[in-house]
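> One file: model33.cif (mmCIF, C-alpha atoms and all ligand atoms).
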data_query
#
loop_
_atom_site.group_PDB
_atom_site.id
_atom_site.type_symbol
_atom_site.label_atom_id
_atom_site.label_comp_id
_atom_site.auth_asym_id
_atom_site.auth_seq_id
_atom_site.Cartn_x
_atom_site.Cartn_y
_atom_site.Cartn_z
ATOM 1 C CA MET A 1 31.863 -14.469 12.030
ATOM 2 C CA THR A 2 29.078 -12.587 13.792
ATOM 3 C CA LYS A 3 30.028 -8.905 13.789
ATOM 4 C CA ILE A 4 29.518 -7.272 17.190
ATOM 5 C CA VAL A 5 28.149 -3.738 16.921
ATOM 6 C CA ARG A 6 27.315 -1.448 19.816
ATOM 7 C CA THR A 7 26.539 1.847 18.075
ATOM 8 C CA ILE A 8 23.654 2.929 15.867
ATOM 9 C CA ASP A 9 26.070 4.547 13.382
ATOM 10 C CA THR A 10 27.975 1.303 12.756
ATOM 11 C CA LEU A 11 24.740 -0.680 12.537
ATOM 12 C CA ARG A 12 23.426 1.737 9.894
ATOM 13 C CA GLU A 13 26.688 1.776 7.905
ATOM 14 C CA THR A 14 26.851 -2.025 7.834
ATOM 15 C CA VAL A 15 23.241 -2.587 6.807
ATOM 16 C CA ARG A 16 23.441 0.200 4.218
ATOM 17 C CA ALA A 17 26.539 -1.427 2.673
ATOM 18 C CA TRP A 18 24.642 -4.719 2.387
ATOM 19 C CA GLN A 19 21.723 -2.906 0.771
ATOM 20 C CA MET A 20 24.070 -1.187 -1.712
ATOM 21 C CA ALA A 21 25.377 -4.654 -2.598
ATOM 22 C CA GLY A 22 21.788 -5.760 -3.311
ATOM 23 C CA GLU A 23 21.432 -7.857 -0.153
ATOM 24 C CA THR A 24 18.305 -8.011 1.999
ATOM 25 C CA THR A 25 18.347 -7.914 5.794
ATOM 26 C CA ALA A 26 16.189 -9.552 8.469
ATOM 27 C CA LEU A 27 16.153 -8.152 11.996
ATOM 28 C CA VAL A 28 15.442 -10.433 14.965
ATOM 29 C CA PRO A 29 14.819 -8.255 18.045
ATOM 30 C CA THR A 30 15.543 -10.032 21.361
ATOM 31 C CA MET A 31 16.313 -9.319 24.986
ATOM 32 C CA GLY A 32 19.051 -11.963 25.004
ATOM 33 C CA TYR A 33 19.311 -15.091 27.164
ATOM 34 C CA LEU A 34 18.858 -16.880 23.877
ATOM 35 C CA HIS A 35 17.215 -20.308 23.697
ATOM 36 C CA ASP A 36 15.968 -22.659 20.978
ATOM 37 C CA ALA A 37 12.974 -20.470 20.137
ATOM 38 C CA HIS A 38 15.298 -17.543 19.336
ATOM 39 C CA GLN A 39 17.366 -19.876 17.165
ATOM 40 C CA THR A 40 14.201 -20.745 15.236
ATOM 41 C CA LEU A 41 13.531 -17.022 14.683
ATOM 42 C CA ILE A 42 17.092 -16.527 13.465
ATOM 43 C CA LYS A 43 16.766 -19.508 11.109
ATOM 44 C CA ALA A 44 13.539 -18.019 9.727
ATOM 45 C CA GLY A 45 15.355 -14.712 9.171
ATOM 46 C CA ARG A 46 18.232 -16.462 7.436
ATOM 47 C CA ALA A 47 15.868 -18.450 5.207
ATOM 48 C CA LYS A 48 14.113 -15.304 4.007
ATOM 49 C CA SER A 49 16.977 -12.782 3.766
ATOM 50 C CA ASP A 50 20.609 -12.576 2.724
ATOM 51 C CA ARG A 51 21.715 -11.073 6.042
ATOM 52 C CA THR A 52 20.489 -11.480 9.611
ATOM 53 C CA VAL A 53 20.851 -8.928 12.387
ATOM 54 C CA VAL A 54 19.985 -9.935 15.962
ATOM 55 C CA SER A 55 19.518 -7.179 18.519
ATOM 56 C CA ILE A 56 20.032 -7.890 22.212
ATOM 57 C CA PHE A 57 18.697 -5.181 24.470
ATOM 58 C CA VAL A 58 16.905 -5.619 27.791
ATOM 59 C CA ASN A 59 14.485 -2.766 27.327
ATOM 60 C CA PRO A 60 13.731 -1.012 30.644
ATOM 61 C CA LYS A 61 10.692 0.739 29.173
ATOM 62 C CA GLN A 62 8.713 -2.477 28.857
ATOM 63 C CA PHE A 63 9.135 -3.523 32.504
ATOM 64 C CA GLY A 64 6.754 -2.241 35.197
ATOM 65 C CA PRO A 65 8.122 -0.887 38.506
ATOM 66 C CA ASN A 66 7.505 -4.241 40.243
ATOM 67 C CA GLU A 67 8.741 -6.411 37.391
ATOM 68 C CA ASP A 68 12.003 -8.245 36.858
ATOM 69 C CA PHE A 69 14.102 -5.723 34.871
ATOM 70 C CA LYS A 70 17.032 -5.915 37.288
ATOM 71 C CA SER A 71 16.948 -9.700 37.657
ATOM 72 C CA TYR A 72 16.080 -10.469 34.006
ATOM 73 C CA PRO A 73 18.598 -13.169 32.965
ATOM 74 C CA ARG A 74 21.580 -11.842 31.026
ATOM 75 C CA GLN A 75 24.410 -13.905 29.498
ATOM 76 C CA GLU A 76 26.200 -11.964 26.776
ATOM 77 C CA LYS A 77 29.106 -14.365 26.276
ATOM 78 C CA ARG A 78 26.904 -17.425 25.781
ATOM 79 C CA ASP A 79 24.488 -15.466 23.569
ATOM 80 C CA LEU A 80 27.410 -14.528 21.312
ATOM 81 C CA GLU A 81 28.439 -18.187 21.004
ATOM 82 C CA ILE A 82 24.866 -19.144 20.085
ATOM 83 C CA LEU A 83 24.661 -16.396 17.464
ATOM 84 C CA GLU A 84 27.953 -17.514 15.975
ATOM 85 C CA ALA A 85 26.681 -21.101 15.767
ATOM 86 C CA CYS A 86 23.401 -19.912 14.189
ATOM 87 C CA GLY A 87 25.240 -17.932 11.512
ATOM 88 C CA ALA A 88 23.846 -14.502 12.456
ATOM 89 C CA ASP A 89 25.743 -11.842 10.497
ATOM 90 C CA LEU A 90 25.577 -9.100 13.090
ATOM 91 C CA VAL A 91 24.585 -8.664 16.712
ATOM 92 C CA PHE A 92 23.511 -5.219 17.817
ATOM 93 C CA LEU A 93 24.219 -4.727 21.523
ATOM 94 C CA PRO A 94 23.429 -1.105 22.346
ATOM 95 C CA ALA A 95 24.116 0.246 25.831
ATOM 96 C CA GLN A 96 21.191 1.887 27.650
ATOM 97 C CA GLU A 97 22.626 5.334 26.840
ATOM 98 C CA GLU A 98 22.886 4.510 23.137
ATOM 99 C CA MET A 99 19.200 3.533 22.998
ATOM 100 C CA TYR A 100 17.854 6.106 25.445
ATOM 101 C CA PRO A 101 20.280 9.036 25.749
ATOM 102 C CA SER A 102 19.500 11.449 28.545
ATOM 103 C CA GLY A 103 16.504 13.582 27.648
ATOM 104 C CA PHE A 104 14.901 10.853 25.537
ATOM 105 C CA SER A 105 11.148 11.351 25.718
ATOM 106 C CA ALA A 106 9.252 9.907 22.705
ATOM 107 C CA THR A 107 6.629 7.192 23.201
ATOM 108 C CA ILE A 108 4.833 5.068 20.656
ATOM 109 C CA ASP A 109 1.460 3.781 21.770
ATOM 110 C CA ILE A 110 -1.101 1.654 19.966
ATOM 111 C CA PRO A 111 -3.955 1.985 22.463
ATOM 112 C CA ALA A 112 -6.547 -0.072 20.555
ATOM 113 C CA PHE A 113 -4.331 -3.134 20.974
ATOM 114 C CA SER A 114 -2.441 -2.350 24.154
ATOM 115 C CA ASN A 115 -5.192 -1.823 26.717
ATOM 116 C CA LYS A 116 -6.403 -5.411 26.865
ATOM 117 C CA LEU A 117 -5.119 -8.937 27.619
ATOM 118 C CA CYS A 118 -1.519 -8.544 28.906
ATOM 119 C CA GLY A 119 -1.876 -4.751 28.731
ATOM 120 C CA ILE A 120 -4.320 -4.743 31.676
ATOM 121 C CA GLY A 121 -1.929 -6.393 34.133
ATOM 122 C CA ARG A 122 1.153 -4.741 32.624
ATOM 123 C CA PRO A 123 0.270 -1.083 32.032
ATOM 124 C CA GLY A 124 2.859 0.658 29.828
ATOM 125 C CA HIS A 125 4.422 -2.640 28.736
ATOM 126 C CA PHE A 126 3.313 -2.478 25.109
ATOM 127 C CA SER A 127 4.183 1.157 24.662
ATOM 128 C CA GLY A 128 7.690 0.208 25.858
ATOM 129 C CA VAL A 129 7.776 -2.613 23.300
ATOM 130 C CA ALA A 130 6.357 -0.428 20.508
ATOM 131 C CA THR A 131 8.817 2.376 21.275
ATOM 132 C CA VAL A 132 11.908 0.168 21.261
ATOM 133 C CA CYS A 133 10.808 -1.772 18.167
ATOM 134 C CA THR A 134 10.125 1.470 16.270
ATOM 135 C CA LYS A 135 13.597 2.668 17.219
ATOM 136 C CA LEU A 136 15.180 -0.641 16.181
ATOM 137 C CA PHE A 137 13.379 -0.521 12.819
ATOM 138 C CA LEU A 138 14.562 3.042 12.195
ATOM 139 C CA GLN A 139 18.090 2.291 13.383
ATOM 140 C CA CYS A 140 18.513 -0.839 11.279
ATOM 141 C CA MET A 141 16.101 -0.237 8.367
ATOM 142 C CA PRO A 142 15.745 -3.988 7.736
ATOM 143 C CA ASP A 143 13.629 -5.440 4.938
ATOM 144 C CA MET A 144 11.886 -7.689 7.437
ATOM 145 C CA ALA A 145 11.668 -8.308 11.161
ATOM 146 C CA VAL A 146 10.966 -11.664 12.775
ATOM 147 C CA PHE A 147 8.862 -12.192 15.931
ATOM 148 C CA GLY A 148 7.522 -15.297 17.670
ATOM 149 C CA GLU A 149 3.804 -16.039 17.912
ATOM 150 C CA LYS A 150 4.318 -16.913 21.577
ATOM 151 C CA ASP A 151 3.928 -13.184 22.279
ATOM 152 C CA TYR A 152 0.891 -12.985 20.034
ATOM 153 C CA GLN A 153 -0.421 -9.635 21.267
ATOM 154 C CA GLN A 154 3.052 -8.130 20.806
ATOM 155 C CA LEU A 155 3.208 -9.527 17.263
ATOM 156 C CA GLN A 156 -0.165 -7.998 16.315
ATOM 157 C CA ILE A 157 0.811 -4.662 17.896
ATOM 158 C CA ILE A 158 4.012 -4.591 15.847
ATOM 159 C CA ARG A 159 2.073 -5.418 12.678
ATOM 160 C CA TRP A 160 -0.319 -2.566 13.429
ATOM 161 C CA LEU A 161 2.448 -0.152 14.299
ATOM 162 C CA VAL A 162 4.342 -0.594 11.010
ATOM 163 C CA LYS A 163 1.046 -0.191 9.143
ATOM 164 C CA ASP A 164 -0.021 2.949 11.061
ATOM 165 C CA LEU A 165 3.413 4.581 10.821
ATOM 166 C CA ASN A 166 4.161 3.457 7.223
ATOM 167 C CA ILE A 167 7.379 1.776 8.310
ATOM 168 C CA ASP A 168 8.580 -0.213 5.321
ATOM 169 C CA VAL A 169 9.405 -3.478 7.160
ATOM 170 C CA ASP A 170 7.699 -6.824 6.552
ATOM 171 C CA ILE A 171 6.711 -8.462 9.825
ATOM 172 C CA CYS A 172 7.186 -12.211 9.861
ATOM 173 C CA GLY A 173 5.469 -14.227 12.634
ATOM 174 C CA VAL A 174 6.958 -17.620 13.538
ATOM 175 C CA PRO A 175 4.884 -20.348 15.280
ATOM 176 C CA THR A 176 5.609 -20.882 18.971
ATOM 177 C CA VAL A 177 8.508 -23.207 19.722
ATOM 178 C CA ARG A 178 7.689 -25.638 22.530
ATOM 179 C CA GLU A 179 9.505 -27.954 24.917
ATOM 180 C CA GLU A 180 8.798 -31.651 24.377
ATOM 181 C CA ASP A 181 5.960 -31.563 26.910
ATOM 182 C CA GLY A 182 4.330 -28.604 25.171
ATOM 183 C CA LEU A 183 5.478 -25.701 27.385
ATOM 184 C CA ALA A 184 6.071 -22.630 25.226
ATOM 185 C CA MET A 185 9.755 -21.691 25.355
ATOM 186 C CA SER A 186 10.482 -18.497 27.264
ATOM 187 C CA SER A 187 13.488 -17.009 29.015
ATOM 188 C CA ARG A 188 11.341 -16.747 32.143
ATOM 189 C CA ASN A 189 10.805 -20.544 32.346
ATOM 190 C CA ILE A 190 14.037 -20.714 34.353
ATOM 191 C CA TYR A 191 12.175 -19.071 37.257
ATOM 192 C CA LEU A 192 9.966 -22.180 37.662
ATOM 193 C CA ASN A 193 10.787 -24.661 40.425
ATOM 194 C CA ALA A 194 10.478 -28.407 39.718
ATOM 195 C CA ASP A 195 6.830 -28.709 40.773
ATOM 196 C CA GLU A 196 5.809 -25.560 38.876
ATOM 197 C CA ARG A 197 7.704 -26.750 35.811
ATOM 198 C CA THR A 198 5.749 -30.046 35.832
ATOM 199 C CA ARG A 199 2.432 -28.219 36.153
ATOM 200 C CA ALA A 200 3.418 -25.669 33.474
ATOM 201 C CA SER A 201 3.248 -28.360 30.801
ATOM 202 C CA GLN A 202 -0.530 -28.561 31.383
ATOM 203 C CA ILE A 203 -1.026 -24.991 30.167
ATOM 204 C CA SER A 204 -0.607 -25.910 26.506
ATOM 205 C CA ALA A 205 -2.547 -29.157 27.024
ATOM 206 C CA ILE A 206 -5.604 -27.331 28.424
ATOM 207 C CA LEU A 207 -5.291 -24.559 25.854
ATOM 208 C CA SER A 208 -4.949 -26.796 22.802
ATOM 209 C CA ALA A 209 -7.817 -29.090 23.874
ATOM 210 C CA SER A 210 -10.027 -26.066 24.450
ATOM 211 C CA ALA A 211 -9.029 -24.488 21.116
ATOM 212 C CA LYS A 212 -9.931 -27.740 19.399
ATOM 213 C CA ARG A 213 -13.380 -27.839 21.025
ATOM 214 C CA LEU A 214 -13.963 -24.210 19.989
ATOM 215 C CA SER A 215 -12.886 -25.042 16.430
ATOM 216 C CA ASP A 216 -15.355 -27.958 16.547
ATOM 217 C CA GLY A 217 -18.184 -25.558 17.380
ATOM 218 C CA MET A 218 -18.473 -25.749 21.182
ATOM 219 C CA PRO A 219 -20.344 -22.625 22.453
ATOM 220 C CA VAL A 220 -17.696 -20.040 23.382
ATOM 221 C CA ASP A 221 -19.021 -19.024 26.847
ATOM 222 C CA GLN A 222 -19.398 -22.625 27.949
ATOM 223 C CA GLU A 223 -15.930 -23.651 26.724
ATOM 224 C CA LEU A 224 -14.209 -20.602 28.228
ATOM 225 C CA ASN A 225 -15.879 -21.293 31.585
ATOM 226 C CA ASN A 226 -14.698 -24.897 31.558
ATOM 227 C CA ALA A 227 -11.147 -23.994 30.550
ATOM 228 C CA PHE A 228 -11.049 -21.158 33.120
ATOM 229 C CA ILE A 229 -11.890 -23.623 35.906
ATOM 230 C CA LYS A 230 -9.179 -26.032 34.675
ATOM 231 C CA PHE A 231 -6.556 -23.278 34.626
ATOM 232 C CA ALA A 232 -7.614 -22.070 38.070
ATOM 233 C CA SER A 233 -7.258 -25.556 39.541
ATOM 234 C CA LEU A 234 -3.905 -26.040 37.791
ATOM 235 C CA VAL A 235 -2.321 -22.868 39.179
ATOM 236 C CA GLY A 236 -4.334 -22.527 42.396
ATOM 237 C CA GLU A 237 -5.610 -19.043 41.583
ATOM 238 C CA THR A 238 -7.720 -17.200 39.025
ATOM 239 C CA PRO A 239 -5.992 -16.915 35.638
ATOM 240 C CA GLU A 240 -5.024 -13.324 34.822
ATOM 241 C CA TYR A 241 -7.075 -13.705 31.652
ATOM 242 C CA LEU A 242 -8.425 -16.306 29.271
ATOM 243 C CA GLU A 243 -9.916 -14.753 26.141
ATOM 244 C CA LEU A 244 -10.974 -15.736 22.665
ATOM 245 C CA CYS A 245 -10.027 -12.961 20.241
ATOM 246 C CA ASP A 246 -10.130 -12.223 16.561
ATOM 247 C CA ALA A 247 -6.731 -13.372 15.274
ATOM 248 C CA GLN A 248 -6.057 -10.068 13.532
ATOM 249 C CA ASP A 249 -7.449 -7.162 15.521
ATOM 250 C CA LEU A 250 -7.624 -9.001 18.891
ATOM 251 C CA GLU A 251 -11.248 -7.946 19.476
ATOM 252 C CA ILE A 252 -12.797 -10.241 22.085
ATOM 253 C CA ILE A 253 -15.323 -12.481 20.312
ATOM 254 C CA LYS A 254 -18.213 -14.727 21.329
ATOM 255 C CA GLN A 255 -18.511 -16.623 18.059
ATOM 256 C CA VAL A 256 -15.861 -18.052 15.753
ATOM 257 C CA ARG A 257 -16.620 -16.758 12.275
ATOM 258 C CA LYS A 258 -13.039 -15.882 11.275
ATOM 259 C CA PRO A 259 -9.629 -17.188 12.360
ATOM 260 C CA ALA A 260 -9.360 -16.586 16.100
ATOM 261 C CA ARG A 261 -6.862 -17.013 18.887
ATOM 262 C CA LEU A 262 -7.345 -18.365 22.393
ATOM 263 C CA LEU A 263 -4.982 -16.518 24.738
ATOM 264 C CA VAL A 264 -4.154 -17.123 28.386
ATOM 265 C CA ALA A 265 -1.987 -15.640 31.134
ATOM 266 C CA VAL A 266 -1.523 -17.422 34.451
ATOM 267 C CA LYS A 267 0.821 -17.170 37.387
ATOM 268 C CA LEU A 268 2.581 -20.274 38.628
ATOM 269 C CA GLY A 269 4.136 -19.297 41.928
ATOM 270 C CA LYS A 270 5.841 -15.998 41.156
ATOM 271 C CA THR A 271 6.234 -16.677 37.432
ATOM 272 C CA ARG A 272 3.788 -15.219 34.934
ATOM 273 C CA LEU A 273 3.323 -17.453 31.887
ATOM 274 C CA ILE A 274 1.437 -16.712 28.675
ATOM 275 C CA ASP A 275 0.426 -18.920 25.787
ATOM 276 C CA ASN A 276 -2.003 -18.874 22.873
ATOM 277 C CA TRP A 277 -3.489 -21.277 20.364
ATOM 278 C CA PRO A 278 -5.171 -20.813 16.967
ATOM 279 C CA VAL A 279 -8.903 -21.472 16.647
ATOM 280 C CA SER A 280 -10.395 -21.952 13.185
ATOM 281 C CA PRO A 281 -13.982 -21.288 12.177
ATOM 282 C CA ILE A 282 -16.034 -24.409 11.537
ATOM 283 C CA ASN A 283 -15.817 -25.646 7.909
ATOM 284 C CA SER A 284 -12.699 -23.603 7.164
HETATM 285 O O1 LIG A 301 9.893 -10.237 22.722
HETATM 286 C C1 LIG A 301 10.895 -9.647 23.203
HETATM 287 O O2 LIG A 301 11.906 -10.250 23.549
HETATM 288 C C2 LIG A 301 10.844 -8.140 23.386
HETATM 289 O O3 LIG A 301 9.560 -7.714 23.755
HETATM 290 C C3 LIG A 301 11.347 -7.360 22.154
HETATM 291 C C4 LIG A 301 10.454 -7.600 20.950
HETATM 292 C C5 LIG A 301 12.766 -7.766 21.849
HETATM 293 C C6 LIG A 301 11.328 -5.857 22.443
HETATM 294 O O4 LIG A 301 12.158 -5.533 23.516
#
Hey, can you dump this file as structure tokens for me?
Ligand code: PAF

Amino acid sequence: MTKIVRTIDTLRETVRAWQMAGETTALVPTMGYLHDAHQTLIKAGRAKSDRTVVSIFVNPKQFGPNEDFKSYPRQEKRDLEILEACGADLVFLPAQEEMYPSGFSATIDIPAFSNKLCGIGRPGHFSGVATVCTKLFLQCMPDMAVFGEKDYQQLQIIRWLVKDLNIDVDICGVPTVREEDGLAMSSRNIYLNADERTRASQISAILSASAKRLSDGMPVDQELNNAFIKFASLVGETPEYLELCDAQDLEIIKQVRKPARLLVAVKLGKTRLIDNWPVSPINS
């Protein structure tokens, strides 16, 4: 049975009791509307720990004023059924007031990582993510926390944050889970209409082909220009960004000497989609 917990006190008591019994805990932070990719994260948590906690909290601090906080899909009953089927031990479902009681004012910011890529078009987004994840880590005190590589910048920010703040949680990154046609799974894919959904499958196709050419030694500027034009013609407007970055510190790079990541954000109709692909240095 998945235990449903809505207060920080009960979450702490439960996890502490597991720790006293010598059991390890993995935390899988989510905003709910669970799909197959979340199930993969939960499976990874279960494989690496004795106990798995899944948090479901649509975090207002990571949505901009014109973003979809109010309309973000929510389906608590179905999420609970999925968690039960996945064998999650506990679901933490805090109310807004439990997470951010009135007067709450702390902010965690990792500016070196946050003011680029998605951070440019979504100011404040990553400080919202970093703040809620720090709180979740301190509330749950898990041994490890599991995040998907789909949100690669988020994953690297969380890695940096636990290092900077000496939070004793191992961060486990799980490769992106994709639909059969390659589209990276995301709760926001439901916003796509039929035509947009068909075109969306090309995002991973363009990205992976470009990442392969970069891994094969194609000059970076030339390849990024070509891929940029392909993305622009796919979505009918300029991509929000297309960058090749160092895989660890996300510095924008012009040559592939270390493991790198090709990252893109585009808008298809009203829906913003992101994806990323690994790029390896030649001869690695
Ligand atoms: O990736 C998400 O769903 C969210 O950004 C997270 C990590 C749960 C924080 O709200």
> Can you list what the PyMOL selection byres (((chain A and resi 42-50) around 10) and not hetatm) grabs from this structure, as a PyMOL selection string?
chain A and resi 18-19+22-29+36-41+51-54+83+86-89+142-147+172-174
> Mind listing as a VMD selection string all residues within 6 Å of (7.8, -19.2, 16.4), counting only C-alpha atoms?
chain A and resid 148 to 149 174 to 177
> Kindly indicate which residue among A:Trp160, A:Phe92, A:Phe126, A:Tyr100 lies nearest to ligand LIG 301 (chain A), using only C-alpha atoms and all ligand atoms for the distances.
A:Phe126
> Got a sec to resolve the PyMOL selection byres (((not hetatm)) within 6 of (chain A and resi 301)) on this structure and send the residues as an mmCIF file with C-alpha atoms, in the coordinates of the input?

data_model
loop_
_atom_site.group_PDB
_atom_site.id
_atom_site.type_symbol
_atom_site.label_atom_id
_atom_site.label_comp_id
_atom_site.auth_asym_id
_atom_site.auth_seq_id
_atom_site.Cartn_x
_atom_site.Cartn_y
_atom_site.Cartn_z
ATOM 1 C CA PRO A 29 14.819 -8.255 18.045
ATOM 2 C CA THR A 30 15.543 -10.032 21.361
ATOM 3 C CA MET A 31 16.313 -9.319 24.986
ATOM 4 C CA ASN A 59 14.485 -2.766 27.327
ATOM 5 C CA VAL A 129 7.776 -2.613 23.300
ATOM 6 C CA CYS A 133 10.808 -1.772 18.167
#
> As AutoDock Vina command-line options, please report the centre and edge lengths, rounded to one decimal in Å, of the axis-aligned box that holds all listed atoms of range 246-263 of chain A with 4 Å of padding on each of the six sides.

--center_x -11.7 --center_y -12.8 --center_z 18.0 --size_x 21.5 --size_y 19.2 --size_z 21.5
> Let me make sure I understand: among A:Thr10, A:Thr238, A:Ser127, A:Gln75, which one has the smallest atom-to-atom distance to Asp109 in chain A if we use all atoms listed in the file?
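Comparing A:Thr10, A:Thr238, A:Ser127, A:Gln75 against Asp109 in chain A, the winner is A:Ser127.
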> Of the candidates A:Thr107, A:Leu138, A:Lys258, A:Ser208, which shows the shortest atom-to-atom distance to Ile282 in chain A, using all atoms listed in the file?
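Among A:Thr107, A:Leu138, A:Lys258, A:Ser208, it is A:Lys258 that comes nearest to Ile282 in chain A.
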> Calculated over all atoms listed in the file, which of the candidates A:Ile56, A:Ala21, A:Ala247, A:Met185 has the smallest distance to Leu263 in chain A?
A:Ala247
> Translate the PyMOL selection byres (((chain A and resi 125) around 9) and not hetatm), as applied to the file shown, into an explicit residue set as a ChimeraX atom specification.
/A:61-64,114,118-119,122-124,126-130
> List as a ChimeraX atom specification the protein and nucleic acid residues near Ala232 in chain A, meaning an atom at most 12 Å away when only C-alpha atoms are counted, but skip any in the same chain fewer than 2 places from it.
/A:199,202-203,206,224-230,234-242,264-268
> With only C-alpha atoms as the atoms that count, which of A:Ala17, A:Ile157, A:Leu11, A:Ala95 lies nearest to Lys116 in chain A?
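Under the stated criterion, the closest residue is A:Ile157.
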> Distance cut-off 10 Å, centre (7.5, -17.5, 40.2) in file coordinates, counting all atoms listed in the file: which residues qualify? Return them as a list of chain:residue names.
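The requested residues, written out, are A:Arg188, A:Asn189, A:Ile190, A:Tyr191, A:Leu192, A:Asn193, A:Glu196, A:Lys267, A:Leu268, A:Gly269, A:Lys270, A:Thr271, A:Arg272, A:Leu273.
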> Counting all atoms listed in the file, what is within 8 Å of Ala184 in chain A, bar same-chain residues fewer than 2 positions away, as a ChimeraX atom specification?
/A:150,176-179,182,186,204,275
> Please write N, CA, C and O atoms of range 131-143 of chain A, from the structure given just now, as a PDB file, in the first residue's frame.

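Wrote it out as part.pdb, contents follow:
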ATOM      1  N   THR A 131      14.492  26.084  -5.001  1.00  0.00           N
ATOM      2  CA  THR A 131      13.916  26.329  -3.669  1.00  0.00           C
ATOM      3  C   THR A 131      13.052  25.145  -3.237  1.00  0.00           C
ATOM      4  O   THR A 131      13.189  24.618  -2.134  1.00  0.00           O
ATOM      5  N   VAL A 132      12.182  24.685  -4.131  1.00  0.00           N
ATOM      6  CA  VAL A 132      11.284  23.591  -3.715  1.00  0.00           C
ATOM      7  C   VAL A 132      12.076  22.292  -3.533  1.00  0.00           C
ATOM      8  O   VAL A 132      11.790  21.515  -2.603  1.00  0.00           O
ATOM      9  N   CYS A 133      13.078  22.056  -4.375  1.00  0.00           N
ATOM     10  CA  CYS A 133      13.838  20.805  -4.224  1.00  0.00           C
ATOM     11  C   CYS A 133      14.652  20.839  -2.929  1.00  0.00           C
ATOM     12  O   CYS A 133      14.742  19.828  -2.233  1.00  0.00           O
ATOM     13  N   THR A 134      15.223  21.990  -2.594  1.00  0.00           N
ATOM     14  CA  THR A 134      15.956  22.096  -1.321  1.00  0.00           C
ATOM     15  C   THR A 134      15.008  21.788  -0.166  1.00  0.00           C
ATOM     16  O   THR A 134      15.340  21.030   0.757  1.00  0.00           O
ATOM     17  N   LYS A 135      13.815  22.363  -0.215  1.00  0.00           N
ATOM     18  CA  LYS A 135      12.842  22.105   0.846  1.00  0.00           C
ATOM     19  C   LYS A 135      12.482  20.616   0.907  1.00  0.00           C
ATOM     20  O   LYS A 135      12.445  20.020   1.985  1.00  0.00           O
ATOM     21  N   LEU A 136      12.243  20.018  -0.261  1.00  0.00           N
ATOM     22  CA  LEU A 136      11.876  18.592  -0.276  1.00  0.00           C
ATOM     23  C   LEU A 136      13.007  17.737   0.295  1.00  0.00           C
ATOM     24  O   LEU A 136      12.757  16.782   1.051  1.00  0.00           O
ATOM     25  N   PHE A 137      14.261  18.092  -0.041  1.00  0.00           N
ATOM     26  CA  PHE A 137      15.390  17.314   0.485  1.00  0.00           C
ATOM     27  C   PHE A 137      15.436  17.437   2.008  1.00  0.00           C
ATOM     28  O   PHE A 137      15.653  16.462   2.718  1.00  0.00           O
ATOM     29  N   LEU A 138      15.221  18.653   2.508  1.00  0.00           N
ATOM     30  CA  LEU A 138      15.313  18.864   3.960  1.00  0.00           C
ATOM     31  C   LEU A 138      14.101  18.281   4.690  1.00  0.00           C
ATOM     32  O   LEU A 138      14.197  17.858   5.841  1.00  0.00           O
ATOM     33  N   GLN A 139      12.978  18.243   4.000  1.00  0.00           N
ATOM     34  CA  GLN A 139      11.767  17.679   4.628  1.00  0.00           C
ATOM     35  C   GLN A 139      11.863  16.161   4.708  1.00  0.00           C
ATOM     36  O   GLN A 139      11.471  15.547   5.697  1.00  0.00           O
ATOM     37  N   CYS A 140      12.407  15.556   3.657  1.00  0.00           N
ATOM     38  CA  CYS A 140      12.384  14.092   3.554  1.00  0.00           C
ATOM     39  C   CYS A 140      13.698  13.464   4.029  1.00  0.00           C
ATOM     40  O   CYS A 140      13.697  12.354   4.555  1.00  0.00           O
ATOM     41  N   MET A 141      14.794  14.189   3.830  1.00  0.00           N
ATOM     42  CA  MET A 141      16.141  13.662   4.147  1.00  0.00           C
ATOM     43  C   MET A 141      16.364  12.283   3.501  1.00  0.00           C
ATOM     44  O   MET A 141      16.726  11.323   4.180  1.00  0.00           O
ATOM     45  N   PRO A 142      16.157  12.184   2.192  1.00  0.00           N
ATOM     46  CA  PRO A 142      16.351  10.878   1.540  1.00  0.00           C
ATOM     47  C   PRO A 142      17.837  10.589   1.368  1.00  0.00           C
ATOM     48  O   PRO A 142      18.671  11.494   1.472  1.00  0.00           O
ATOM     49  N   ASP A 143      18.167   9.342   1.064  1.00  0.00           N
ATOM     50  CA  ASP A 143      19.559   9.011   0.736  1.00  0.00           C
ATOM     51  C   ASP A 143      19.854   9.440  -0.699  1.00  0.00           C
ATOM     52  O   ASP A 143      20.976   9.796  -1.027  1.00  0.00           O
TER      53      ASP A 143
END
